[in-house]
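A.B. asks: File follows, start-v2.pdb with PDB, C-alpha atoms:
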ATOM      1  CA  MET A   1      79.946  97.664 108.333  1.00  0.00           C
ATOM      2  CA  ARG A   2      80.815  98.817 111.841  1.00  0.00           C
ATOM      3  CA  SER A   3      78.954 101.565 113.624  1.00  0.00           C
ATOM      4  CA  SER A   4      80.656 104.857 114.379  1.00  0.00           C
ATOM      5  CA  GLY A   5      82.634 104.771 117.571  1.00  0.00           C
ATOM      6  CA  SER A   6      83.288 101.037 117.403  1.00  0.00           C
ATOM      7  CA  GLN A   7      86.804  99.706 117.344  1.00  0.00           C
ATOM      8  CA  PRO A   8      88.100  98.542 113.948  1.00  0.00           C
ATOM      9  CA  PRO A   9      89.089  94.878 113.839  1.00  0.00           C
ATOM     10  CA  ASN A  10      92.662  93.925 114.605  1.00  0.00           C
ATOM     11  CA  LEU A  11      94.044  92.463 111.389  1.00  0.00           C
ATOM     12  CA  THR A  12      97.280  91.059 112.809  1.00  0.00           C
ATOM     13  CA  GLY A  13      98.024  87.721 111.159  1.00  0.00           C
ATOM     14  CA  GLN A  14      95.888  88.410 108.091  1.00  0.00           C
ATOM     15  CA  LEU A  15      96.996  88.843 104.502  1.00  0.00           C
ATOM     16  CA  LEU A  16      96.584  92.068 102.600  1.00  0.00           C
ATOM     17  CA  VAL A  17      96.148  91.443  98.890  1.00  0.00           C
ATOM     18  CA  ALA A  18      96.661  94.459  96.635  1.00  0.00           C
ATOM     19  CA  HIS A  19      93.493  95.330  94.740  1.00  0.00           C
ATOM     20  CA  PRO A  20      94.065  95.214  90.951  1.00  0.00           C
ATOM     21  CA  ASN A  21      93.466  98.982  90.825  1.00  0.00           C
ATOM     22  CA  LEU A  22      96.268  99.710  93.322  1.00  0.00           C
ATOM     23  CA  ARG A  23      98.923 101.369  91.147  1.00  0.00           C
ATOM     24  CA  ASP A  24     101.551 102.258  93.768  1.00  0.00           C
ATOM     25  CA  PRO A  25     104.688 100.506  92.401  1.00  0.00           C
ATOM     26  CA  ASN A  26     105.757  99.604  95.951  1.00  0.00           C
ATOM     27  CA  PHE A  27     102.649  97.459  96.381  1.00  0.00           C
ATOM     28  CA  ARG A  28     101.358  96.686  92.877  1.00  0.00           C
ATOM     29  CA  LYS A  29     100.281  93.012  92.715  1.00  0.00           C
ATOM     30  CA  THR A  30     101.579  92.201  96.181  1.00  0.00           C
ATOM     31  CA  VAL A  31     100.482  89.871  98.948  1.00  0.00           C
ATOM     32  CA  LEU A  32     101.495  91.040 102.426  1.00  0.00           C
ATOM     33  CA  PHE A  33     101.466  89.328 105.793  1.00  0.00           C
ATOM     34  CA  LEU A  34     100.261  91.813 108.406  1.00  0.00           C
ATOM     35  CA  SER A  35     102.504  91.126 111.399  1.00  0.00           C
ATOM     36  CA  ALA A  36     101.129  93.912 113.603  1.00  0.00           C
ATOM     37  CA  HIS A  37      98.046  96.092 113.409  1.00  0.00           C
ATOM     38  CA  ASP A  38      96.524  98.681 115.691  1.00  0.00           C
ATOM     39  CA  ALA A  39      94.239 101.390 114.316  1.00  0.00           C
ATOM     40  CA  GLU A  40      95.800 104.048 116.539  1.00  0.00           C
ATOM     41  CA  GLN A  41      99.436 102.896 116.554  1.00  0.00           C
ATOM     42  CA  GLY A  42      99.681 101.798 112.921  1.00  0.00           C
ATOM     43  CA  ALA A  43     100.599  98.591 111.179  1.00  0.00           C
ATOM     44  CA  HIS A  44     103.614  96.568 110.055  1.00  0.00           C
ATOM     45  CA  GLY A  45     103.719  93.998 107.273  1.00  0.00           C
ATOM     46  CA  LEU A  46     105.951  91.992 104.977  1.00  0.00           C
ATOM     47  CA  VAL A  47     105.544  91.519 101.229  1.00  0.00           C
ATOM     48  CA  LEU A  48     105.506  87.770 100.619  1.00  0.00           C
ATOM     49  CA  ASN A  49     105.688  87.537  96.846  1.00  0.00           C
ATOM     50  CA  ARG A  50     108.728  89.582  95.818  1.00  0.00           C
ATOM     51  CA  PRO A  51     111.753  87.286  95.900  1.00  0.00           C
ATOM     52  CA  THR A  52     115.213  88.812  95.572  1.00  0.00           C
ATOM     53  CA  ASN A  53     116.434  85.577  93.932  1.00  0.00           C
ATOM     54  CA  LYS A  54     119.123  85.470  96.606  1.00  0.00           C
ATOM     55  CA  ASN A  55     119.411  83.408  99.752  1.00  0.00           C
ATOM     56  CA  LEU A  56     120.557  84.163 103.280  1.00  0.00           C
ATOM     57  CA  THR A  57     124.159  83.208 102.484  1.00  0.00           C
ATOM     58  CA  ASP A  58     124.275  85.998  99.885  1.00  0.00           C
ATOM     59  CA  PHE A  59     123.351  88.530 102.580  1.00  0.00           C
ATOM     60  CA  LEU A  60     125.427  87.034 105.407  1.00  0.00           C
ATOM     61  CA  PRO A  61     128.526  85.562 103.716  1.00  0.00           C
ATOM     62  CA  ASP A  62     130.661  85.731 106.874  1.00  0.00           C
ATOM     63  CA  HIS A  63     128.311  83.550 108.959  1.00  0.00           C
ATOM     64  CA  GLU A  64     128.205  79.768 109.301  1.00  0.00           C
ATOM     65  CA  LEU A  65     124.585  79.147 108.308  1.00  0.00           C
ATOM     66  CA  ASP A  66     124.477  75.475 107.213  1.00  0.00           C
ATOM     67  CA  ALA A  67     121.006  74.676 105.773  1.00  0.00           C
ATOM     68  CA  LEU A  68     119.701  78.042 106.946  1.00  0.00           C
ATOM     69  CA  GLY A  69     121.911  79.652 104.316  1.00  0.00           C
ATOM     70  CA  GLN A  70     119.547  78.382 101.604  1.00  0.00           C
ATOM     71  CA  ILE A  71     116.568  80.292 103.049  1.00  0.00           C
ATOM     72  CA  PRO A  72     115.273  82.646 100.330  1.00  0.00           C
ATOM     73  CA  VAL A  73     115.261  86.388 100.953  1.00  0.00           C
ATOM     74  CA  TYR A  74     112.301  88.549  99.880  1.00  0.00           C
ATOM     75  CA  LEU A  75     111.798  92.287  99.457  1.00  0.00           C
ATOM     76  CA  GLY A  76     109.600  92.871 102.493  1.00  0.00           C
ATOM     77  CA  GLY A  77     108.611  96.410 101.580  1.00  0.00           C
ATOM     78  CA  PRO A  78     109.811  99.907 100.820  1.00  0.00           C
ATOM     79  CA  VAL A  79     110.787 100.854 104.402  1.00  0.00           C
ATOM     80  CA  GLY A  80     114.069  99.887 106.062  1.00  0.00           C
ATOM     81  CA  GLY A  81     115.725  98.515 102.947  1.00  0.00           C
ATOM     82  CA  HIS A  82     118.966  98.046 104.886  1.00  0.00           C
ATOM     83  CA  GLU A  83     117.321  95.826 107.536  1.00  0.00           C
ATOM     84  CA  LEU A  84     117.347  92.035 107.285  1.00  0.00           C
ATOM     85  CA  THR A  85     114.641  90.259 109.268  1.00  0.00           C
ATOM     86  CA  ILE A  86     114.315  86.505 109.741  1.00  0.00           C
ATOM     87  CA  VAL A  87     110.828  85.265 110.608  1.00  0.00           C
ATOM     88  CA  SER A  88     109.237  81.936 111.369  1.00  0.00           C
ATOM     89  CA  PHE A  89     105.647  80.905 110.673  1.00  0.00           C
ATOM     90  CA  ASP A  90     104.175  77.808 112.275  1.00  0.00           C
ATOM     91  CA  TRP A  91     100.745  76.277 112.674  1.00  0.00           C
ATOM     92  CA  ILE A  92      99.114  74.532 115.586  1.00  0.00           C
ATOM     93  CA  ALA A  93      97.403  71.305 114.480  1.00  0.00           C
ATOM     94  CA  ASN A  94      93.700  71.730 113.730  1.00  0.00           C
ATOM     95  CA  GLU A  95      93.867  75.454 114.406  1.00  0.00           C
ATOM     96  CA  PRO A  96      94.101  78.169 111.776  1.00  0.00           C
ATOM     97  CA  LYS A  97      96.125  80.348 114.151  1.00  0.00           C
ATOM     98  CA  ILE A  98      99.563  81.266 112.894  1.00  0.00           C
ATOM     99  CA  THR A  99     102.401  81.946 115.300  1.00  0.00           C
ATOM    100  CA  PHE A 100     104.700  84.597 113.911  1.00  0.00           C
ATOM    101  CA  HIS A 101     108.191  84.956 115.367  1.00  0.00           C
ATOM    102  CA  SER A 102     109.569  88.316 114.320  1.00  0.00           C
ATOM    103  CA  GLN A 103     113.236  89.223 114.222  1.00  0.00           C
ATOM    104  CA  VAL A 104     114.475  85.756 115.032  1.00  0.00           C
ATOM    105  CA  SER A 105     118.204  85.565 115.784  1.00  0.00           C
ATOM    106  CA  LEU A 106     120.371  83.315 113.644  1.00  0.00           C
ATOM    107  CA  ASP A 107     120.655  80.800 116.505  1.00  0.00           C
ATOM    108  CA  GLN A 108     116.878  80.800 117.015  1.00  0.00           C
ATOM    109  CA  ALA A 109     116.328  80.416 113.264  1.00  0.00           C
ATOM    110  CA  GLN A 110     118.673  77.396 113.176  1.00  0.00           C
ATOM    111  CA  THR A 111     116.698  75.789 116.017  1.00  0.00           C
ATOM    112  CA  LEU A 112     113.313  76.600 114.466  1.00  0.00           C
ATOM    113  CA  ALA A 113     114.412  75.365 111.042  1.00  0.00           C
ATOM    114  CA  GLY A 114     115.387  72.055 112.627  1.00  0.00           C
ATOM    115  CA  SER A 115     111.843  71.511 113.906  1.00  0.00           C
ATOM    116  CA  GLY A 116     110.601  70.839 110.379  1.00  0.00           C
ATOM    117  CA  SER A 117     107.067  72.175 110.941  1.00  0.00           C
ATOM    118  CA  ARG A 118     107.976  75.807 110.497  1.00  0.00           C
ATOM    119  CA  LEU A 119     108.415  78.001 107.476  1.00  0.00           C
ATOM    120  CA  ILE A 120     111.464  80.231 107.845  1.00  0.00           C
ATOM    121  CA  ARG A 121     111.747  83.309 105.650  1.00  0.00           C
ATOM    122  CA  ALA A 122     114.057  86.286 105.462  1.00  0.00           C
ATOM    123  CA  PHE A 123     113.069  89.779 104.350  1.00  0.00           C
ATOM    124  CA  VAL A 124     114.900  92.951 103.426  1.00  0.00           C
ATOM    125  CA  GLY A 125     112.731  95.909 104.377  1.00  0.00           C
ATOM    126  CA  TYR A 126     109.103  96.011 105.458  1.00  0.00           C
ATOM    127  CA  ALA A 127     105.844  97.863 104.906  1.00  0.00           C
ATOM    128  CA  GLY A 128     104.636 100.288 107.540  1.00  0.00           C
ATOM    129  CA  TRP A 129     101.562 102.429 108.108  1.00  0.00           C
ATOM    130  CA  ALA A 130     100.996 105.255 110.575  1.00  0.00           C
ATOM    131  CA  GLY A 131      97.937 105.170 112.823  1.00  0.00           C
ATOM    132  CA  GLY A 132      94.759 105.290 110.726  1.00  0.00           C
ATOM    133  CA  GLN A 133      96.637 105.118 107.409  1.00  0.00           C
ATOM    134  CA  LEU A 134      95.874 101.465 106.673  1.00  0.00           C
ATOM    135  CA  GLU A 135      92.238 101.968 107.684  1.00  0.00           C
ATOM    136  CA  SER A 136      92.025 104.800 105.151  1.00  0.00           C
ATOM    137  CA  GLU A 137      93.523 102.581 102.435  1.00  0.00           C
ATOM    138  CA  LEU A 138      91.074  99.803 103.320  1.00  0.00           C
ATOM    139  CA  HIS A 139      88.196 102.278 103.138  1.00  0.00           C
ATOM    140  CA  GLN A 140      89.424 103.241  99.637  1.00  0.00           C
ATOM    141  CA  SER A 141      89.432  99.517  98.688  1.00  0.00           C
ATOM    142  CA  ALA A 142      93.177  99.496  97.999  1.00  0.00           C
ATOM    143  CA  TRP A 143      93.515  96.164  99.821  1.00  0.00           C
ATOM    144  CA  ILE A 144      91.551  92.958 100.130  1.00  0.00           C
ATOM    145  CA  VAL A 145      91.848  91.301 103.545  1.00  0.00           C
ATOM    146  CA  HIS A 146      92.261  87.540 103.286  1.00  0.00           C
ATOM    147  CA  PRO A 147      92.987  84.886 105.928  1.00  0.00           C
ATOM    148  CA  ALA A 148      96.575  83.684 106.069  1.00  0.00           C
ATOM    149  CA  THR A 149      96.847  79.960 105.511  1.00  0.00           C
ATOM    150  CA  GLU A 150      99.723  77.543 105.564  1.00  0.00           C
ATOM    151  CA  ALA A 151      99.237  76.862 101.854  1.00  0.00           C
ATOM    152  CA  LEU A 152      99.312  80.562 100.925  1.00  0.00           C
ATOM    153  CA  LEU A 153     102.332  81.368 103.066  1.00  0.00           C
ATOM    154  CA  GLY A 154     104.144  78.290 101.820  1.00  0.00           C
ATOM    155  CA  ASN A 155     103.464  79.107  98.170  1.00  0.00           C
ATOM    156  CA  ALA A 156     103.710  82.892  98.335  1.00  0.00           C
ATOM    157  CA  SER A 157     107.264  82.752  96.986  1.00  0.00           C
ATOM    158  CA  ASN A 158     105.614  82.033  93.664  1.00  0.00           C
ATOM    159  CA  GLN A 159     105.086  85.392  92.028  1.00  0.00           C
ATOM    160  CA  GLY A 160     101.855  83.993  90.544  1.00  0.00           C
ATOM    161  CA  VAL A 161     100.140  83.779  93.935  1.00  0.00           C
ATOM    162  CA  TRP A 162      98.595  87.250  93.526  1.00  0.00           C
ATOM    163  CA  LEU A 163      96.972  86.309  90.220  1.00  0.00           C
ATOM    164  CA  GLU A 164      95.746  83.006  91.681  1.00  0.00           C
ATOM    165  CA  LEU A 165      94.067  84.926  94.504  1.00  0.00           C
ATOM    166  CA  MET A 166      92.436  87.240  91.961  1.00  0.00           C
ATOM    167  CA  LYS A 167      91.001  84.175  90.185  1.00  0.00           C
ATOM    168  CA  ASN A 168      89.656  82.896  93.499  1.00  0.00           C
ATOM    169  CA  PHE A 169      88.035  86.253  94.285  1.00  0.00           C
ATOM    170  CA  GLY A 170      85.927  85.970  91.134  1.00  0.00           C
ATOM    171  CA  PRO A 171      85.741  86.965  87.486  1.00  0.00           C
ATOM    172  CA  ALA A 172      85.526  90.710  88.091  1.00  0.00           C
ATOM    173  CA  TYR A 173      88.805  90.725  90.050  1.00  0.00           C
ATOM    174  CA  TYR A 174      90.469  88.413  87.555  1.00  0.00           C
ATOM    175  CA  LEU A 175      89.491  90.580  84.583  1.00  0.00           C
ATOM    176  CA  LEU A 176      90.860  93.656  86.347  1.00  0.00           C
ATOM    177  CA  ALA A 177      94.032  91.739  87.205  1.00  0.00           C
ATOM    178  CA  ILE A 178      94.775  90.717  83.616  1.00  0.00           C
ATOM    179  CA  ALA A 179      93.795  94.050  82.049  1.00  0.00           C
ATOM    180  CA  PRO A 180      96.706  95.970  80.512  1.00  0.00           C
ATOM    181  CA  GLU A 181      98.256  98.747  82.587  1.00  0.00           C
ATOM    182  CA  ASP A 182      97.131 101.290  79.992  1.00  0.00           C
ATOM    183  CA  PRO A 183      94.054 100.010  78.083  1.00  0.00           C
ATOM    184  CA  SER A 184      94.522 102.728  75.431  1.00  0.00           C
ATOM    185  CA  LEU A 185      97.690 100.950  74.290  1.00  0.00           C
ATOM    186  CA  ASN A 186      95.808  97.707  73.678  1.00  0.00           C
TER     187      ASN A 186
END
So that I can check it, write out the structure of this file as structure tokens.

C.D. replies:
Amino acid sequence: MRSSGSQPPNLTGQLLVAHPNLRDPNFRKTVLFLSAHDAEQGAHGLVLNRPTNKNLTDFLPDHELDALGQIPVYLGGPVGGHELTIVSFDWIANEPKITFHSQVSLDQAQTLAGSGSRLIRAFVGYAGWAGGQLESELHQSAWIVHPATEALLGNASNQGVWLELMKNFGPAYYLLAIAPEDPSLN
């Protein structure tokens, strides 16, 4: 717990995992990559585990995309649903640091995809928080902060990743995660 007056930690590059009690349909059972965070300026993130079941070619049919056209597109969040963003994640050997390239152009994405060591993803929309809003949600335990790893980012397209994380967090989280939406109907 930080003392009053201290700066909150910068969570850029971390994952936000929706707590099982978070009922907001925009974020229920989601795993987000936090691409930018500043307590005063706000935060920006992308939902990793909501595939659209479409690929980049479906969104950009008039472009010559080659292999890039098979990149899956995810619902990145409830804001900017008309915006398509291509991102690249890569890892430096023996370092947990993730390099995040936001809003990569199609040419840049083609080059990055050719490197083989990067994960290229496309997102429609994003999640955004005003200054202090995410901190308030964290204080209310709406989110669980978790380190981003290559394995999690690589497998986050699996809609089961949220439940797997709940299992890893322990039995209390897992029981909450598998509980029915309305226990009175059970």

A.B. asks: With distances taken over all atoms listed in the file, which of A:Trp143, A:Tyr74, A:Phe123, A:Phe89 is nearest to A:Leu16?

C.D. replies: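 Closest candidate: A:Trp143.
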
A.B. asks: Give me the residues within 10 Å of stretch 49-51 of chain A as a VMD selection string, counting only C-alpha atoms and dropping any in the same chain fewer than 2 places off.

C.D. replies: chain A and resid 27 29 to 32 46 to 47 53 to 55 72 to 77 122 to 124 153 155 to 162

A.B. asks: Using the chain letters and numbers from the file, which residues does the PyMOL selection byres ((chain A and resi 126-138) around 12) grab, as an MDAnalysis selection string?

C.D. replies: chainID A and resid 7:11 16:19 22 24 26:27 30:48 50 74:86 102:103 122:125 139:145

A.B. asks: Between atom CA of A:Ala151 and atom CA of A:Leu15, what is the spacing in Å?

C.D. replies: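 Between atom CA of A:Leu15 and atom CA of A:Ala151 the gap works out to 12.5 Å.
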
A.B. asks: Quick one: distance from atom CA of A:Thr149 to atom CA of A:Ser88 in Å, one decimal?

C.D. replies: 13.8 Å

A.B. asks: Nearest to A:Ile120 among A:Ala177, A:Leu165, A:Ala148, A:Ala67, with distances taken over all atoms listed in the file: which residue is it?

C.D. replies: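 Residue with the minimum atom-to-atom distance to A:Ile120: A:Ala67.
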
A.B. asks: Report, as JSON, the axis-aligned box around all atoms of stretch 60-67 of chain A present in the file, extended by 8 Å on each side; give centre and edge lengths in Å to one decimal place.

C.D. replies:
{"center_x": 125.8, "center_y": 80.9, "center_z": 106.5, "size_x": 25.7, "size_y": 28.4, "size_z": 21.6}

A.B. asks: Tell me, in Å to one decimal, how far atom CA of A:Leu56 is from atom CA of A:Arg121.

C.D. replies: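 Interatomic distance here is 9.2 Å.
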